[in-house]
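Have a look at my_file-v8.cif; it's mmCIF, C-alpha atoms and all ligand atoms:
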```cif
data_run
#
loop_
_atom_site.label_atom_id
_atom_site.label_comp_id
_atom_site.auth_asym_id
_atom_site.auth_seq_id
_atom_site.Cartn_x
_atom_site.Cartn_y
_atom_site.Cartn_z
CA CYS A 4 80.05 113.04 96.83
CA PRO A 5 79.02 113.78 93.26
CA PRO A 6 80.67 111.62 90.58
CA VAL A 7 81.66 114.62 88.50
CA SER A 8 83.14 117.95 89.37
CA LEU A 9 81.16 121.05 88.64
CA PRO A 10 82.20 123.49 85.96
CA GLU A 11 83.92 126.42 87.55
CA GLU A 12 81.24 128.97 86.85
CA ALA A 13 78.36 126.55 87.26
CA GLU A 14 75.62 127.39 89.63
CA VAL A 15 73.66 124.38 90.81
CA GLN A 16 69.99 125.11 91.09
CA PRO A 17 68.13 124.01 94.19
CA SER A 18 65.81 121.13 93.42
CA HIS A 19 62.86 122.61 95.33
CA PRO A 20 60.24 124.08 93.03
CA VAL A 21 60.56 127.73 92.24
CA THR A 22 57.22 129.42 92.52
CA TYR A 23 57.78 132.68 90.69
CA GLY A 24 58.56 133.54 87.10
CA ARG A 25 57.09 132.35 83.88
CA THR A 26 56.69 128.63 83.25
CA TYR A 27 57.37 126.74 80.03
CA TYR A 28 57.16 123.08 79.17
CA GLY A 29 58.90 121.01 76.51
CA ILE A 30 58.46 117.41 75.38
CA MET A 31 61.29 115.38 73.88
CA PHE A 32 61.11 111.81 72.63
CA ASP A 33 64.24 109.71 72.39
CA ALA A 34 63.31 106.92 69.95
CA GLY A 35 66.15 104.46 70.53
CA SER A 36 66.63 101.02 69.05
CA THR A 37 65.65 99.30 72.30
CA GLY A 38 62.94 101.63 73.56
CA THR A 39 61.05 104.91 73.20
CA ARG A 40 61.45 107.42 76.01
CA ILE A 41 59.60 110.63 76.76
CA HIS A 42 61.20 113.50 78.66
CA ILE A 43 58.84 116.21 79.86
CA TYR A 44 60.58 119.35 81.07
CA LYS A 45 59.33 122.21 83.12
CA PHE A 46 61.33 125.41 82.74
CA ILE A 47 61.02 128.60 84.66
CA GLN A 48 62.13 131.94 83.35
CA LYS A 49 63.06 133.95 86.38
CA ASP A 50 63.70 137.24 84.64
CA PRO A 51 62.60 138.53 81.26
CA VAL A 52 66.10 138.67 79.75
CA GLY A 53 67.56 135.42 81.08
CA LEU A 54 67.15 131.95 79.59
CA PRO A 55 64.63 129.62 81.19
CA VAL A 56 66.09 127.21 83.73
CA LEU A 57 65.01 123.66 84.41
CA ASP A 58 62.67 123.22 87.33
CA ASN A 59 61.64 119.62 86.84
CA GLU A 60 61.88 116.68 84.45
CA MET A 61 59.53 113.75 84.11
CA TYR A 62 60.53 110.59 82.34
CA HIS A 63 58.67 107.59 81.03
CA ALA A 64 59.80 104.76 78.75
CA VAL A 65 58.31 101.91 76.75
CA LYS A 66 59.86 98.86 75.14
CA PRO A 67 60.39 97.78 72.41
CA GLY A 68 61.56 100.70 70.26
CA LEU A 69 59.77 102.06 67.19
CA SER A 70 61.81 99.91 64.81
CA ALA A 71 60.10 96.81 66.20
CA TYR A 72 56.98 98.10 64.42
CA ALA A 73 58.61 98.37 61.02
CA ASP A 74 55.69 96.50 59.42
CA MET A 75 53.01 98.09 61.60
CA PRO A 76 53.83 101.80 61.63
CA GLU A 77 50.41 102.75 62.99
CA THR A 78 50.85 100.45 65.98
CA GLY A 79 54.32 101.90 66.50
CA ALA A 80 52.93 105.42 66.53
CA GLU A 81 50.36 104.30 69.11
CA THR A 82 53.23 103.82 71.59
CA VAL A 83 54.05 107.50 71.11
CA ARG A 84 50.37 108.41 71.60
CA GLU A 85 50.40 106.46 74.88
CA LEU A 86 53.44 108.38 76.07
CA LEU A 87 51.80 111.67 75.09
CA ARG A 88 48.97 110.79 77.48
CA VAL A 89 51.55 111.01 80.26
CA ALA A 90 52.52 114.47 79.01
CA LYS A 91 48.88 115.56 79.04
CA LYS A 92 48.59 114.53 82.67
CA MET A 93 51.75 116.37 83.64
CA ILE A 94 51.34 119.62 81.74
CA PRO A 95 48.54 122.08 82.58
CA LYS A 96 45.95 122.24 79.80
CA GLU A 97 46.41 125.96 79.17
CA GLU A 98 50.10 125.34 78.35
CA TRP A 99 49.56 122.59 75.74
CA TRP A 100 49.32 124.89 72.72
CA GLN A 101 52.75 126.41 73.34
CA THR A 102 54.53 123.25 74.50
CA PRO A 103 56.85 122.01 71.72
CA VAL A 104 57.04 118.28 71.04
CA VAL A 105 60.05 116.77 69.28
CA LEU A 106 61.15 113.22 68.46
CA LYS A 107 64.68 112.19 67.56
CA ALA A 108 65.21 108.61 66.41
CA THR A 109 68.59 106.91 66.55
CA ALA A 110 70.06 103.62 65.32
CA GLY A 111 66.88 101.52 65.24
CA LEU A 112 65.38 103.65 62.47
CA ARG A 113 68.72 104.20 60.75
CA LEU A 114 69.00 100.44 60.35
CA LEU A 115 65.59 100.09 58.66
CA PRO A 116 65.00 100.35 54.92
CA GLU A 117 64.29 104.00 54.17
CA GLU A 118 60.62 103.54 53.26
CA LYS A 119 59.87 101.67 56.50
CA ALA A 120 61.59 104.31 58.61
CA ARG A 121 59.72 107.01 56.66
CA ALA A 122 56.37 105.32 57.28
CA LEU A 123 57.06 105.22 61.02
CA LEU A 124 58.12 108.86 61.13
CA ASP A 125 55.03 109.89 59.13
CA GLU A 126 52.71 108.04 61.51
CA VAL A 127 54.38 109.63 64.52
CA LYS A 128 54.08 113.05 62.89
CA GLU A 129 50.35 112.40 62.46
CA VAL A 130 50.06 111.56 66.15
CA PHE A 131 51.87 114.80 66.98
CA ASP A 132 49.63 116.80 64.64
CA GLU A 133 46.53 115.31 66.26
CA SER A 134 47.85 116.21 69.71
CA PRO A 135 47.12 119.56 71.34
CA PHE A 136 50.84 120.35 71.57
CA PHE A 137 52.92 122.71 69.43
CA VAL A 138 54.63 120.81 66.58
CA PRO A 139 57.67 122.74 65.28
CA ASN A 140 59.03 122.17 61.76
CA ASN A 141 61.03 118.95 61.38
CA SER A 142 59.88 117.81 64.77
CA VAL A 143 60.03 114.08 63.87
CA THR A 144 63.40 113.09 62.43
CA ILE A 145 66.25 110.61 62.53
CA MET A 146 69.25 112.15 64.21
CA ASN A 147 72.45 111.41 62.36
CA GLY A 148 75.21 109.47 64.07
CA LYS A 149 77.63 112.38 63.98
CA ASN A 150 75.30 114.63 65.97
CA GLU A 151 74.64 111.82 68.41
CA GLY A 152 78.36 111.49 69.12
CA VAL A 153 79.01 115.23 69.27
CA LEU A 154 76.08 115.91 71.61
CA ALA A 155 77.23 113.21 73.99
CA TRP A 156 80.71 114.75 73.98
CA VAL A 157 79.36 118.23 74.67
CA THR A 158 77.14 116.85 77.44
CA VAL A 159 79.84 114.95 79.27
CA ASN A 160 82.41 117.71 78.94
CA PHE A 161 79.99 120.27 80.24
CA LEU A 162 79.17 118.05 83.19
CA THR A 163 82.78 117.34 83.98
CA GLY A 164 83.68 121.01 83.88
CA HIS A 165 85.74 120.91 80.70
CA LEU A 166 83.62 123.17 78.57
CA TYR A 167 84.82 126.75 78.75
CA VAL A 168 86.42 129.32 76.49
CA HIS A 169 89.77 128.09 75.03
CA THR A 170 89.24 124.65 76.49
CA ARG A 171 91.98 122.18 75.61
CA LYS A 172 91.73 119.52 78.25
CA THR A 173 88.59 117.54 77.58
CA VAL A 174 87.39 113.97 78.02
CA GLY A 175 86.38 111.50 75.32
CA ILE A 176 83.09 109.64 75.22
CA LEU A 177 82.19 106.06 74.42
CA ASP A 178 78.48 105.41 73.98
CA LEU A 179 77.30 101.86 73.35
CA GLY A 180 73.65 101.80 72.27
CA GLY A 181 71.61 98.86 71.03
CA GLY A 182 72.01 99.57 67.32
CA SER A 183 75.03 101.86 67.07
CA THR A 184 78.10 102.84 69.04
CA GLN A 185 79.75 106.25 69.15
CA ILE A 186 83.28 107.40 69.96
CA THR A 187 84.08 111.12 70.20
CA PHE A 188 87.08 113.03 71.53
CA LEU A 189 89.04 116.22 70.96
CA PRO A 190 92.38 115.13 69.52
CA LYS A 191 95.50 116.60 71.06
CA SER A 192 97.73 115.69 68.15
CA LYS A 193 97.38 116.80 64.53
CA LYS A 194 98.29 113.29 63.42
CA THR A 195 94.99 111.96 64.77
CA VAL A 196 93.10 114.41 62.56
CA ASN A 197 95.32 113.86 59.53
CA THR A 198 95.20 110.06 59.68
CA ALA A 199 91.45 109.82 60.31
CA PRO A 200 89.00 109.24 57.46
CA PRO A 201 87.82 112.77 56.58
CA ASN A 202 84.22 112.14 57.56
CA TYR A 203 85.36 111.16 61.07
CA ILE A 204 86.25 114.76 61.85
CA ALA A 205 83.47 117.12 62.92
CA HIS A 206 84.05 120.82 63.19
CA ILE A 207 81.93 122.46 65.83
CA ASP A 208 81.67 126.11 66.70
CA MET A 209 81.71 126.94 70.36
CA PHE A 210 82.68 130.06 72.28
CA ASN A 211 83.60 131.86 69.04
CA GLY A 212 86.10 129.17 68.15
CA THR A 213 86.11 126.05 65.98
CA TYR A 214 86.91 122.66 67.48
CA SER A 215 87.76 119.63 65.33
CA LEU A 216 86.45 116.53 67.04
CA TYR A 217 87.20 112.95 66.10
CA THR A 218 83.76 111.33 66.04
CA HIS A 219 82.14 108.34 64.48
CA SER A 220 78.96 106.34 64.91
CA TYR A 221 79.23 102.70 63.86
CA LEU A 222 75.80 101.60 62.70
CA GLY A 223 75.24 97.90 63.38
CA ASN A 224 77.89 97.87 66.10
CA GLY A 225 75.57 98.63 69.00
CA LEU A 226 75.47 95.84 71.55
CA ILE A 227 72.24 94.21 70.41
CA ALA A 228 72.97 94.53 66.69
CA ALA A 229 76.40 93.01 67.40
CA ARG A 230 74.69 89.98 68.97
CA LEU A 231 72.84 89.44 65.70
CA ALA A 232 76.00 89.83 63.66
CA THR A 233 77.89 87.41 65.94
CA LEU A 234 75.11 84.86 65.52
CA GLY A 235 75.24 85.37 61.75
CA ALA A 236 71.57 86.37 61.88
CA LEU A 237 71.89 89.88 60.48
CA GLY A 238 69.92 89.95 57.23
CA ALA A 239 69.59 86.14 57.24
CA ASP A 240 66.63 84.35 55.66
CA GLY A 241 64.84 81.15 56.71
CA LEU A 242 64.16 82.56 60.16
CA ASP A 243 61.27 80.10 60.67
CA TRP A 244 63.51 77.09 60.74
CA LYS A 245 67.08 78.28 61.19
CA VAL A 246 68.69 78.08 64.62
CA PHE A 247 71.55 80.50 65.14
CA THR A 248 74.26 79.04 67.36
CA SER A 249 77.22 80.53 69.15
CA SER A 250 79.95 79.39 71.50
CA CYS A 251 79.28 82.62 73.42
CA LEU A 252 75.99 81.14 74.70
CA PRO A 253 75.54 78.45 77.38
CA LYS A 254 75.64 75.02 75.71
CA LYS A 255 72.16 74.02 76.82
CA TYR A 256 70.56 77.37 76.13
CA ARG A 257 67.92 77.49 73.42
CA ASP A 258 65.29 80.17 73.08
CA ASP A 259 63.46 82.58 70.83
CA TRP A 260 64.97 86.04 70.92
CA THR A 261 63.38 89.18 69.47
CA PHE A 262 65.07 92.36 68.29
CA GLY A 263 63.72 95.03 65.96
CA GLY A 264 60.40 93.15 65.70
CA ILE A 265 62.03 89.99 64.31
CA THR A 266 62.21 86.76 66.29
CA TYR A 267 65.27 84.52 66.00
CA LYS A 268 65.85 81.00 67.30
CA VAL A 269 69.14 81.05 69.11
CA SER A 270 71.08 78.39 71.00
CA GLY A 271 74.42 77.39 72.42
CA ILE A 272 76.30 74.54 70.76
CA PRO A 273 74.93 71.57 72.74
CA ASP A 274 77.64 69.03 71.96
CA GLY A 275 80.35 71.54 71.12
CA PHE A 276 82.42 74.07 72.95
CA ALA A 277 81.62 77.27 74.73
CA GLY A 278 83.94 79.74 76.37
CA TYR A 279 85.90 82.93 76.12
CA LYS A 280 88.47 82.00 73.48
CA LEU A 281 86.02 80.72 70.89
CA CYS A 282 83.63 83.54 71.66
CA TYR A 283 86.44 86.05 71.23
CA TYR A 284 87.05 84.90 67.65
CA GLU A 285 83.34 84.90 66.90
CA VAL A 286 82.84 88.50 67.95
CA LEU A 287 86.13 89.60 66.40
CA ARG A 288 84.51 89.22 62.98
CA VAL A 289 81.99 91.90 63.90
CA VAL A 290 84.73 94.41 64.69
CA LYS A 291 87.86 93.60 62.69
CA GLY A 292 88.29 95.73 59.60
CA ILE A 293 85.21 97.76 60.49
CA VAL A 294 86.27 99.86 63.44
CA HIS A 295 88.94 102.46 62.80
CA GLN A 296 91.74 102.88 65.33
CA PRO A 297 92.40 106.54 65.95
CA PHE A 298 96.09 107.37 66.30
CA GLU A 299 95.67 109.00 69.67
CA VAL A 300 93.55 106.51 71.49
CA LYS A 301 96.67 104.66 72.60
CA GLY A 302 97.67 107.75 74.55
CA ASN A 303 96.51 108.84 77.94
CA SER A 304 93.16 110.48 77.22
CA VAL A 305 90.35 110.04 79.71
CA PHE A 306 87.21 108.41 78.34
CA TYR A 307 83.74 108.32 79.84
CA ALA A 308 81.82 105.18 78.92
CA PHE A 309 78.05 104.86 79.34
CA SER A 310 74.81 103.22 78.05
CA TYR A 311 75.50 99.49 77.65
CA TYR A 312 79.10 99.84 78.89
CA TYR A 313 77.53 100.95 82.16
CA ASP A 314 74.67 98.42 82.14
CA ARG A 315 76.99 95.45 81.59
CA ALA A 316 79.67 96.69 83.97
CA VAL A 317 76.97 96.78 86.68
CA GLU A 318 75.41 93.44 85.76
CA SER A 319 78.73 91.64 85.76
CA GLY A 320 79.66 93.17 89.10
CA LEU A 321 82.50 95.35 87.82
CA ILE A 322 81.06 98.55 89.25
CA ASP A 323 78.41 99.64 91.71
CA GLY A 324 75.23 100.72 89.94
CA SER A 325 74.49 103.67 92.17
CA ARG A 326 77.90 105.31 91.85
CA GLY A 327 79.48 104.27 88.58
CA GLY A 328 83.19 103.65 88.73
CA VAL A 329 86.62 103.65 87.21
CA VAL A 330 87.70 100.53 85.37
CA GLU A 331 90.61 99.64 83.13
CA VAL A 332 90.04 97.97 79.78
CA ARG A 333 91.74 94.87 81.21
CA ASP A 334 88.99 94.66 83.87
CA PHE A 335 86.38 94.17 81.14
CA LYS A 336 88.59 91.45 79.64
CA LYS A 337 89.14 89.70 82.96
CA ARG A 338 85.43 89.74 83.76
CA ALA A 339 84.51 88.58 80.24
CA LYS A 340 86.80 85.56 80.69
CA GLU A 341 85.23 84.73 84.01
CA VAL A 342 81.67 85.11 82.74
CA CYS A 343 82.36 82.99 79.64
CA ASN A 344 84.19 80.27 81.46
CA LYS A 345 81.50 80.02 84.18
CA MET A 346 78.43 80.46 82.00
CA THR A 347 76.06 78.52 84.24
CA LYS A 348 76.86 80.78 87.19
CA TYR A 349 76.06 83.92 85.20
CA ARG A 350 73.16 82.53 83.17
CA PRO A 351 70.47 83.79 85.57
CA ILE A 352 71.71 87.34 84.96
CA SER A 353 71.57 86.92 81.19
CA PRO A 354 72.45 84.09 78.80
CA PHE A 355 74.03 86.77 76.60
CA LEU A 356 76.36 88.15 79.28
CA CYS A 357 79.41 86.28 77.94
CA MET A 358 78.75 87.47 74.39
CA ASP A 359 78.14 91.04 75.55
CA MET A 360 81.20 91.26 77.80
CA THR A 361 83.41 89.70 75.14
CA TYR A 362 82.05 92.10 72.55
CA ILE A 363 82.79 95.08 74.77
CA THR A 364 86.34 93.79 75.31
CA VAL A 365 86.95 93.18 71.61
CA LEU A 366 85.42 96.53 70.60
CA LEU A 367 87.65 98.42 73.02
CA LYS A 368 90.87 96.52 72.35
CA GLU A 369 90.75 95.24 68.78
CA GLY A 370 88.32 97.86 67.53
CA PHE A 371 89.34 101.23 68.93
CA GLY A 372 92.80 99.96 69.89
CA PHE A 373 92.71 100.87 73.59
CA LYS A 374 95.48 99.52 75.75
CA ASP A 375 94.73 97.13 78.63
CA SER A 376 95.69 99.93 80.99
CA THR A 377 93.37 102.57 79.49
CA VAL A 378 91.17 103.97 82.23
CA LEU A 379 87.45 104.30 81.59
CA GLN A 380 85.10 106.27 83.77
CA VAL A 381 81.92 104.21 83.57
CA GLU A 382 78.87 106.26 84.51
CA MET A 383 75.13 106.15 84.27
CA LEU A 384 74.39 109.12 82.12
CA VAL A 385 70.84 110.03 82.97
CA VAL A 386 70.85 112.53 80.28
CA ILE A 387 68.01 114.92 80.18
CA GLY A 388 67.39 115.95 76.65
CA TRP A 389 70.88 115.48 75.27
CA LYS A 390 69.51 114.48 71.94
CA THR A 391 67.85 117.78 71.32
CA GLY A 392 70.25 119.68 73.50
CA ILE A 393 67.25 121.32 75.11
CA GLY A 394 69.72 122.21 77.69
CA PHE A 395 69.75 120.30 80.92
CA ILE A 396 71.65 117.31 81.90
CA GLY A 397 72.15 115.11 84.92
CA VAL A 398 74.64 112.46 85.80
CA ASN A 399 73.43 110.20 88.57
CA HIS A 400 71.62 112.52 90.92
CA LEU A 401 73.38 115.64 89.88
CA VAL A 402 71.42 118.08 87.77
CA ILE A 403 73.10 121.14 86.42
CA GLU A 404 72.02 124.12 84.46
CA PHE A 405 73.29 124.00 80.97
CA ASN A 406 72.51 127.50 79.89
CA GLN A 407 75.62 129.27 81.03
CA VAL A 408 77.24 128.17 77.78
CA HIS A 409 74.64 130.05 75.77
CA GLU A 410 77.22 132.40 74.33
CA CYS A 411 78.35 129.59 72.06
CA SER A 412 77.11 129.30 68.53
CA PHE A 413 76.70 125.53 68.57
CA MET A 414 73.15 125.10 67.40
CA TYR A 415 72.03 122.38 69.78
CA LEU A 416 73.38 124.10 72.82
CA CYS A 417 71.72 127.26 71.82
CA LEU A 418 68.36 125.68 71.21
CA CYS A 419 66.07 126.47 74.06
CA VAL A 420 62.39 126.07 74.57
CA CYS A 421 61.08 129.58 74.34
N1 LIG B 1 67.31 108.15 79.81
C1 LIG B 1 68.32 107.27 79.85
N2 LIG B 1 69.20 107.31 80.85
C2 LIG B 1 70.23 106.44 80.90
N3 LIG B 1 70.47 105.48 79.99
C3 LIG B 1 69.63 105.40 78.97
C4 LIG B 1 68.50 106.28 78.83
N4 LIG B 1 67.86 105.94 77.71
C5 LIG B 1 68.56 104.90 77.17
N5 LIG B 1 69.60 104.56 77.91
C6 LIG B 1 70.59 103.46 77.67
O1 LIG B 1 70.85 103.42 76.26
C7 LIG B 1 71.12 102.08 75.87
C8 LIG B 1 70.20 101.68 74.74
O2 LIG B 1 70.42 102.54 73.66
P1 LIG B 1 69.31 102.84 72.56
O3 LIG B 1 69.03 104.31 72.61
O4 LIG B 1 68.13 101.94 72.71
O5 LIG B 1 70.09 102.42 71.26
P2 LIG B 1 70.58 103.28 70.02
O6 LIG B 1 71.21 104.54 70.57
O7 LIG B 1 71.60 102.39 69.37
O8 LIG B 1 69.36 103.58 69.20
C9 LIG B 1 70.92 101.21 77.10
O9 LIG B 1 72.18 100.99 77.71
C10 LIG B 1 70.05 102.07 78.00
O10 LIG B 1 70.25 101.75 79.36
#
```

Spit out the file's structure as structure tokens when you get a sec.
Amino acid sequence: CPPVSLPEEAEVQPSHPVTYGRTYYGIMFDAGSTGTRIHIYKFIQKDPVGLPVLDNEMYHAVKPGLSAYADMPETGAETVRELLRVAKKMIPKEEWWQTPVVLKATAGLRLLPEEKARALLDEVKEVFDESPFFVPNNSVTIMNGKNEGVLAWVTVNFLTGHLYVHTRKTVGILDLGGGSTQITFLPKSKKTVNTAPPNYIAHIDMFNGTYSLYTHSYLGNGLIAARLATLGALGADGLDWKVFTSSCLPKKYRDDWTFGGITYKVSGIPDGFAGYKLCYYEVLRVVKGIVHQPFEVKGNSVFYAFSYYYDRAVESGLIDGSRGGVVEVRDFKKRAKEVCNKMTKYRPISPFLCMDMTYITVLLKEGFGFKDSTVLQVEMLVVIGWKTGIGFIGVNHLVIEFNQVHECSFMYLCLCVC
């Protein structure tokens, strides 16, 4: 039973290879804060007037992300070169020259000083230029947070069958990355739009209409960046000797922990206290006064939550990893309390599980202002190319054509590899 319903007009393509028609390939890199991922697509154009459809996707990932190489941009770009080797193996040689290669970086590079991010992008561009693939203009860029949120919204609403002409009933999205977190939904009430900071409203053109979405990307509020902020390690000096402590960590825990290429000494508070309550107040500082509460979020909208919401919900046993599941905000809170108050039991999973679960709880409740009873659909979004909108998306094992919405004028949706 697929976890999402199909759009009414959607036609699911059989997964067996189609052997006729013209074949195209496309390469998309998702340069996230915690890893760099390559998606290699094979498209087949069945008839000369139609859009190409997805026949196959190949995926490969490396850790850490590009931002870990902030001081060694050439080494960072080498990770991209390695991944391009995979593409060379997968794509027939005679197709290389017309296979576009694109890289979109997200929060990891947004968090770096501009000149360091620039150096990384330049090195990657050089690797692209040296490759036999087709390098379109602006093929190596940082995607802005607004587009990241909007694309995720388009993706999930397409998959859940909410994207059609005159659509009104849609679902919201909550994406928790390593460096940033995004919230996007289509407000039902005017008050949500009028009370939001103006730059939180994105106007998108779809199906010859304009939709005003509430969307924001909070840079530094991704799960891993929030750990640093909770520990007070964000932008700190004296990293050689300082030990960053937290009551969200097991008392006897002490280790080196690396994020974004920087290593931090972190520990619990050996002769102090650990547990949910103290942890709650520690992580509250990372959220309070930073995250805006949209007027409407207290209502009954449906939200899909993915990325680290999904990862942690699975790890803490809230949902089944193969199916995803429906949870209420209070379930995250209940599980956070349990994990924090029984840290030794959960330590083998991750010493950070208490901090992470508490952060998720605080972000949802104190940050966005969700009620305990708000229902979240927590899914693994195996998104194929959502960041470039190349056009095909899958949730769990379901892969759907995206190109029936091509009549829209939304640029990402309309971008196709041809
Ligand atoms: N192809 C993918 N399919 C499903 N989840 C993914 C994929 N790529 C990344 N993720 C999830 O995204 C999260 C990490 O986000 P990341 O992209 O590294 O951070 P950011 O968006 O803040 O730069 C993790 O929860 C990871 O499981």

Separation of CA of Val290 in chain A and CA of Tyr307 in chain A, in Å?
-> 20.6 Å

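Closest approach to ligand LIG 1 (chain B) among A:Pro116, A:Pro76, A:Pro273, A:Gly181: A:Gly181, based on all atoms listed in the file.
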
Residues within 6 Å of ligand LIG 1 (chain B) (all atoms listed in the file), as a ChimeraX atom specification?
-> /A:35-38,109-111,180-183,225,310-311,314,383-386

Please identify all polymer residues within 10 Å of Asn160 in chain A, counting all atoms listed in the file, omitting same-chain residues fewer than 2 positions from it, and present them as a VMD selection string.
-> chain A and resid 10 154 to 158 162 to 167 172 to 176 188 307

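Taking all atoms listed in the file into account, the polymer residues that have an atom no farther than 9 Å from (74.3, 83.9, 79.1) are Cys251, Leu252, Pro253, Tyr256, Val342, Cys343, Met346, Thr347, Tyr349, Arg350, Pro351, Ile352, Ser353, Pro354, Phe355, Leu356, Cys357, Met358 and Asp359 of chain A.
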
Could the residues in this selection be saved with C-alpha atoms as a compact mmCIF listing (two decimals), in the frame of the given file?
```txt
# COMPACT_ATOMS: atom_id res chain seq x y z
CA CYS A 251 79.28 82.62 73.42
CA LEU A 252 75.99 81.14 74.70
CA PRO A 253 75.54 78.45 77.38
CA TYR A 256 70.56 77.37 76.13
CA VAL A 342 81.67 85.11 82.74
CA CYS A 343 82.36 82.99 79.64
CA MET A 346 78.43 80.46 82.00
CA THR A 347 76.06 78.52 84.24
CA TYR A 349 76.06 83.92 85.20
CA ARG A 350 73.16 82.53 83.17
CA PRO A 351 70.47 83.79 85.57
CA ILE A 352 71.71 87.34 84.96
CA SER A 353 71.57 86.92 81.19
CA PRO A 354 72.45 84.09 78.80
CA PHE A 355 74.03 86.77 76.60
CA LEU A 356 76.36 88.15 79.28
CA CYS A 357 79.41 86.28 77.94
CA MET A 358 78.75 87.47 74.39
CA ASP A 359 78.14 91.04 75.55
```

Neighbour list for Leu189 in chain A as a PDB file with C-alpha atoms, in the frame of the given file, cut-off 12 Å, only C-alpha atoms, skip fewer than 2 positions in-chain:
```pdb
ATOM      1  CA  GLY A 152      78.360 111.490  69.120  1.00  0.00           C
ATOM      2  CA  VAL A 153      79.010 115.230  69.270  1.00  0.00           C
ATOM      3  CA  TRP A 156      80.710 114.750  73.980  1.00  0.00           C
ATOM      4  CA  VAL A 157      79.360 118.230  74.670  1.00  0.00           C
ATOM      5  CA  ASN A 160      82.410 117.710  78.940  1.00  0.00           C
ATOM      6  CA  HIS A 165      85.740 120.910  80.700  1.00  0.00           C
ATOM      7  CA  LEU A 166      83.620 123.170  78.570  1.00  0.00           C
ATOM      8  CA  THR A 170      89.240 124.650  76.490  1.00  0.00           C
ATOM      9  CA  ARG A 171      91.980 122.180  75.610  1.00  0.00           C
ATOM     10  CA  LYS A 172      91.730 119.520  78.250  1.00  0.00           C
ATOM     11  CA  THR A 173      88.590 117.540  77.580  1.00  0.00           C
ATOM     12  CA  VAL A 174      87.390 113.970  78.020  1.00  0.00           C
ATOM     13  CA  GLY A 175      86.380 111.500  75.320  1.00  0.00           C
ATOM     14  CA  ILE A 176      83.090 109.640  75.220  1.00  0.00           C
ATOM     15  CA  ILE A 186      83.280 107.400  69.960  1.00  0.00           C
ATOM     16  CA  THR A 187      84.080 111.120  70.200  1.00  0.00           C
ATOM     17  CA  LYS A 191      95.500 116.600  71.060  1.00  0.00           C
ATOM     18  CA  SER A 192      97.730 115.690  68.150  1.00  0.00           C
ATOM     19  CA  LYS A 193      97.380 116.800  64.530  1.00  0.00           C
ATOM     20  CA  THR A 195      94.990 111.960  64.770  1.00  0.00           C
ATOM     21  CA  VAL A 196      93.100 114.410  62.560  1.00  0.00           C
ATOM     22  CA  TYR A 203      85.360 111.160  61.070  1.00  0.00           C
ATOM     23  CA  ILE A 204      86.250 114.760  61.850  1.00  0.00           C
ATOM     24  CA  ALA A 205      83.470 117.120  62.920  1.00  0.00           C
ATOM     25  CA  HIS A 206      84.050 120.820  63.190  1.00  0.00           C
ATOM     26  CA  ILE A 207      81.930 122.460  65.830  1.00  0.00           C
ATOM     27  CA  THR A 213      86.110 126.050  65.980  1.00  0.00           C
ATOM     28  CA  TYR A 214      86.910 122.660  67.480  1.00  0.00           C
ATOM     29  CA  SER A 215      87.760 119.630  65.330  1.00  0.00           C
ATOM     30  CA  LEU A 216      86.450 116.530  67.040  1.00  0.00           C
ATOM     31  CA  TYR A 217      87.200 112.950  66.100  1.00  0.00           C
ATOM     32  CA  THR A 218      83.760 111.330  66.040  1.00  0.00           C
ATOM     33  CA  PRO A 297      92.400 106.540  65.950  1.00  0.00           C
ATOM     34  CA  GLU A 299      95.670 109.000  69.670  1.00  0.00           C
ATOM     35  CA  VAL A 300      93.550 106.510  71.490  1.00  0.00           C
ATOM     36  CA  SER A 304      93.160 110.480  77.220  1.00  0.00           C
ATOM     37  CA  VAL A 305      90.350 110.040  79.710  1.00  0.00           C
ATOM     38  CA  PHE A 306      87.210 108.410  78.340  1.00  0.00           C
TER      39      PHE A 306
END
```

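Between CA of Trp260 in chain A and CA of Asp274 in chain A the interatomic distance comes to 21.2 Å.
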
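Restricting the calculation to all atoms listed in the file, the smallest distance between Glu117 in chain A and any of A:Gln101, A:Ser220, A:Ile145, A:Pro200 is found for A:Ile145.
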
Which residue out of A:Gly328, A:Pro67, A:Gly372, A:Gly212 has the minimum interatomic distance to Ile265 in chain A when only C-alpha atoms are used?
-> A:Pro67
